[in-house]
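A.B. asks: Before we start, here is the structure in question, set down as structure tokens.
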Amino acid sequence: MKRLMQAVLLILAVSVVLAGCSSAKAPKEAIQAAFAKSLEMNSYTFTSALSIDKLELPPALLEGMDPAMADMVKNATLNIDGVYQADPMQMEMTLKLDLKGDMAFSLNVPIVMTQDKIWVKIPQIPGFPLGDAAGKFVEIDMKELAAEEGVEIPTLDIDKQRKMTEDMAGIFFKQFDEKTYFSEVKKDEVAGLPEDVKPDQVVKFNVTQETFEPMVMTIVDKVAPEIIDLLLNNEDYRKTFQLEKADLEQAKKELAEGDRSELRKGLDEFKKNAKVNELSLTTAIVDELPVYQVAKADLDFTQEGETAKAGLTFTTLYSNINEKVEFPIGIPKDAMSMEELMGTFTGPGL
């Protein structure tokens, strides 16, 4: 009896371990579920950073360029800190651009957005006089701007927006093969992953030199037609993009009857002149939410025997998800109008 109990306990223990192991979703399923779950994020704070990992330009492009300017671009970084809430819609973020080298300087640009308006703070730019506008917010009324252009801003329905985004994402994920484009990676392989982020799973969507052409053809032949059908069958989605049914039907016809030879010729030219070292999006998932993402692009371009190399990394960390968030900037009360801003540019001394 004792041995029987030990055997039963051992089987139960193994079952628990196996159940825990099998609870992890397949990479494609995990990222699709995380994307769907992210649409339920009603509020959050975020921190993003863009850095240039590599920039090598051939002599022909550098000719006539100030070396200090080239170094400044190579070492540039862009950081974005922001806060978002869905209802009522409000978002604010501060863009900080740092340029290093002999011509080093920093530029901060706070931005506030609601459903109808955008406020942008005019930065202090060394050597560029902006008069009274420097350091003040300018208010942009999107409804007025749309009226001047003869278009109408659609009323934002958050639930419909989320459903539309989810439907479109579902089409995208469905058409891309898991083994070719999706993989699970270890957390220590994720660049810049904060120590306090303990992901349940990390999924990478990756495009290589070999899969770049199939990716483009999949979008053209499979994703785009289904997206058009989705819009044709849903009036609310068409209103969101201000699209006419007749235009979509014409686009669908042209896409179906279009000659793919020119596209393939362009892709062949791209493959001959360009090398995709990396084109990827890595997502760290916690409780089915994408809390940290790293997008990387590393490409080489060769023209007339000269090669340019460029590499970029863009990271985003989400926190305070679905919690009450504070807006440190708030809605600017003493903002300038666009007319007042233009007046400062045409006024005395400018």
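Naming works like this for the structure tokens: A, B, ... for the chains as they're shown, residue 1 at the start of each chain, ligands 1 onward in shown order.
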Would you return as a PyMOL selection string the members of stretch 39-257 of chain A that DSSP assigns to strand (DSSP E or B) on this structure's backbone?

C.D. replies: chain A and resi 43-56+77-85+90-99+105-114+117-121+125+128+137-141+182-184+201-207

A.B. asks: Under the rule of at most 12 Å, produce a per-residue listing of stretch 18-102 of chain A near stretch 296-317 of chain A: chain, number, name, the closest pair of atoms, and the distance in Å, as a Markdown table, using only C-alpha atoms.

C.D. replies:
```
| residue | atom | partner | partner_atom | distance |
| --- | --- | --- | --- | --- |
| A:Tyr44 | CA | A:Leu317 | CA | 10.1 |
| A:Thr45 | CA | A:Leu317 | CA | 8.4 |
| A:Phe46 | CA | A:Leu317 | CA | 5.5 |
| A:Thr47 | CA | A:Leu317 | CA | 5.3 |
| A:Ser48 | CA | A:Thr316 | CA | 4.2 |
| A:Ala49 | CA | A:Thr315 | CA | 5.3 |
| A:Leu50 | CA | A:Phe314 | CA | 4.5 |
| A:Ser51 | CA | A:Thr313 | CA | 5.5 |
| A:Ile52 | CA | A:Leu312 | CA | 4.7 |
| A:Asp53 | CA | A:Gly311 | CA | 5.0 |
| A:Lys54 | CA | A:Gly311 | CA | 4.6 |
| A:Leu55 | CA | A:Ala310 | CA | 4.6 |
| A:Glu56 | CA | A:Lys309 | CA | 4.9 |
| A:Leu57 | CA | A:Ala308 | CA | 4.7 |
| A:Pro58 | CA | A:Ala308 | CA | 5.8 |
| A:Pro59 | CA | A:Glu306 | CA | 8.2 |
| A:Ala60 | CA | A:Glu306 | CA | 8.1 |
| A:Leu61 | CA | A:Ala308 | CA | 9.0 |
| A:Leu62 | CA | A:Ala308 | CA | 10.7 |
| A:Val73 | CA | A:Ala310 | CA | 11.6 |
| A:Lys74 | CA | A:Ala310 | CA | 9.6 |
| A:Asn75 | CA | A:Leu312 | CA | 11.4 |
| A:Ala76 | CA | A:Leu312 | CA | 10.9 |
| A:Thr77 | CA | A:Thr313 | CA | 10.1 |
| A:Leu78 | CA | A:Phe314 | CA | 9.3 |
| A:Asn79 | CA | A:Thr315 | CA | 9.5 |
| A:Ile80 | CA | A:Thr316 | CA | 9.0 |
| A:Asp81 | CA | A:Thr316 | CA | 9.6 |
| A:Gly82 | CA | A:Leu317 | CA | 10.5 |
| A:Val83 | CA | A:Leu317 | CA | 11.7 |
```

A.B. asks: If you run DSSP on this backbone, which residues of stretch 192-266 of chain A come out as alpha helix (DSSP H), and could you give them as a tab-separated table (two decimals) with C-alpha atoms, in the first residue's frame?

C.D. replies:
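Output below, filename states.tsv:
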```tsv
chain	number	residue	atom	x	y	z
A	209	GLN	CA	16.46	37.72	-46.33
A	210	GLU	CA	14.84	34.47	-47.47
A	211	THR	CA	11.38	35.19	-46.04
A	212	PHE	CA	11.14	38.88	-47.04
A	213	GLU	CA	9.72	38.20	-50.51
A	214	PRO	CA	7.21	35.57	-49.27
A	215	MET	CA	6.10	38.06	-46.59
A	216	VAL	CA	5.42	40.79	-49.16
A	217	MET	CA	3.59	38.38	-51.47
A	218	THR	CA	1.51	37.06	-48.56
A	224	ALA	CA	-4.87	42.75	-48.44
A	225	PRO	CA	-7.82	41.02	-50.21
A	226	GLU	CA	-9.25	39.83	-46.91
A	227	ILE	CA	-8.85	43.29	-45.35
A	228	ILE	CA	-10.73	44.78	-48.31
A	229	ASP	CA	-13.51	42.20	-47.91
A	230	LEU	CA	-13.69	43.00	-44.19
A	231	LEU	CA	-14.17	46.70	-44.98
A	232	LEU	CA	-16.69	45.97	-47.76
A	235	GLU	CA	-20.06	49.98	-42.94
A	236	ASP	CA	-18.78	51.14	-39.55
A	237	TYR	CA	-15.23	50.13	-40.47
A	238	ARG	CA	-15.51	52.01	-43.78
A	239	LYS	CA	-16.68	55.13	-41.95
A	240	THR	CA	-13.66	54.94	-39.64
A	241	PHE	CA	-11.31	55.20	-42.62
A	245	LYS	CA	-17.57	51.07	-51.14
A	246	ALA	CA	-17.02	51.69	-54.86
A	247	ASP	CA	-13.37	52.57	-54.27
A	248	LEU	CA	-12.83	49.37	-52.28
A	249	GLU	CA	-14.51	47.26	-54.95
A	250	GLN	CA	-12.24	48.83	-57.56
A	251	ALA	CA	-9.17	48.19	-55.40
A	252	LYS	CA	-10.21	44.57	-54.93
A	253	LYS	CA	-10.62	44.13	-58.70
A	254	GLU	CA	-7.24	45.70	-59.46
A	255	LEU	CA	-5.56	43.60	-56.80
A	256	ALA	CA	-7.06	40.39	-58.19
A	257	GLU	CA	-6.30	41.21	-61.83
A	260	ARG	CA	2.54	40.44	-60.27
A	261	SER	CA	5.54	40.49	-62.62
A	262	GLU	CA	6.38	44.14	-61.86
A	263	LEU	CA	6.16	43.51	-58.14
A	264	ARG	CA	8.37	40.45	-58.38
A	265	LYS	CA	10.82	42.41	-60.51
A	266	GLY	CA	11.01	45.05	-57.80
```
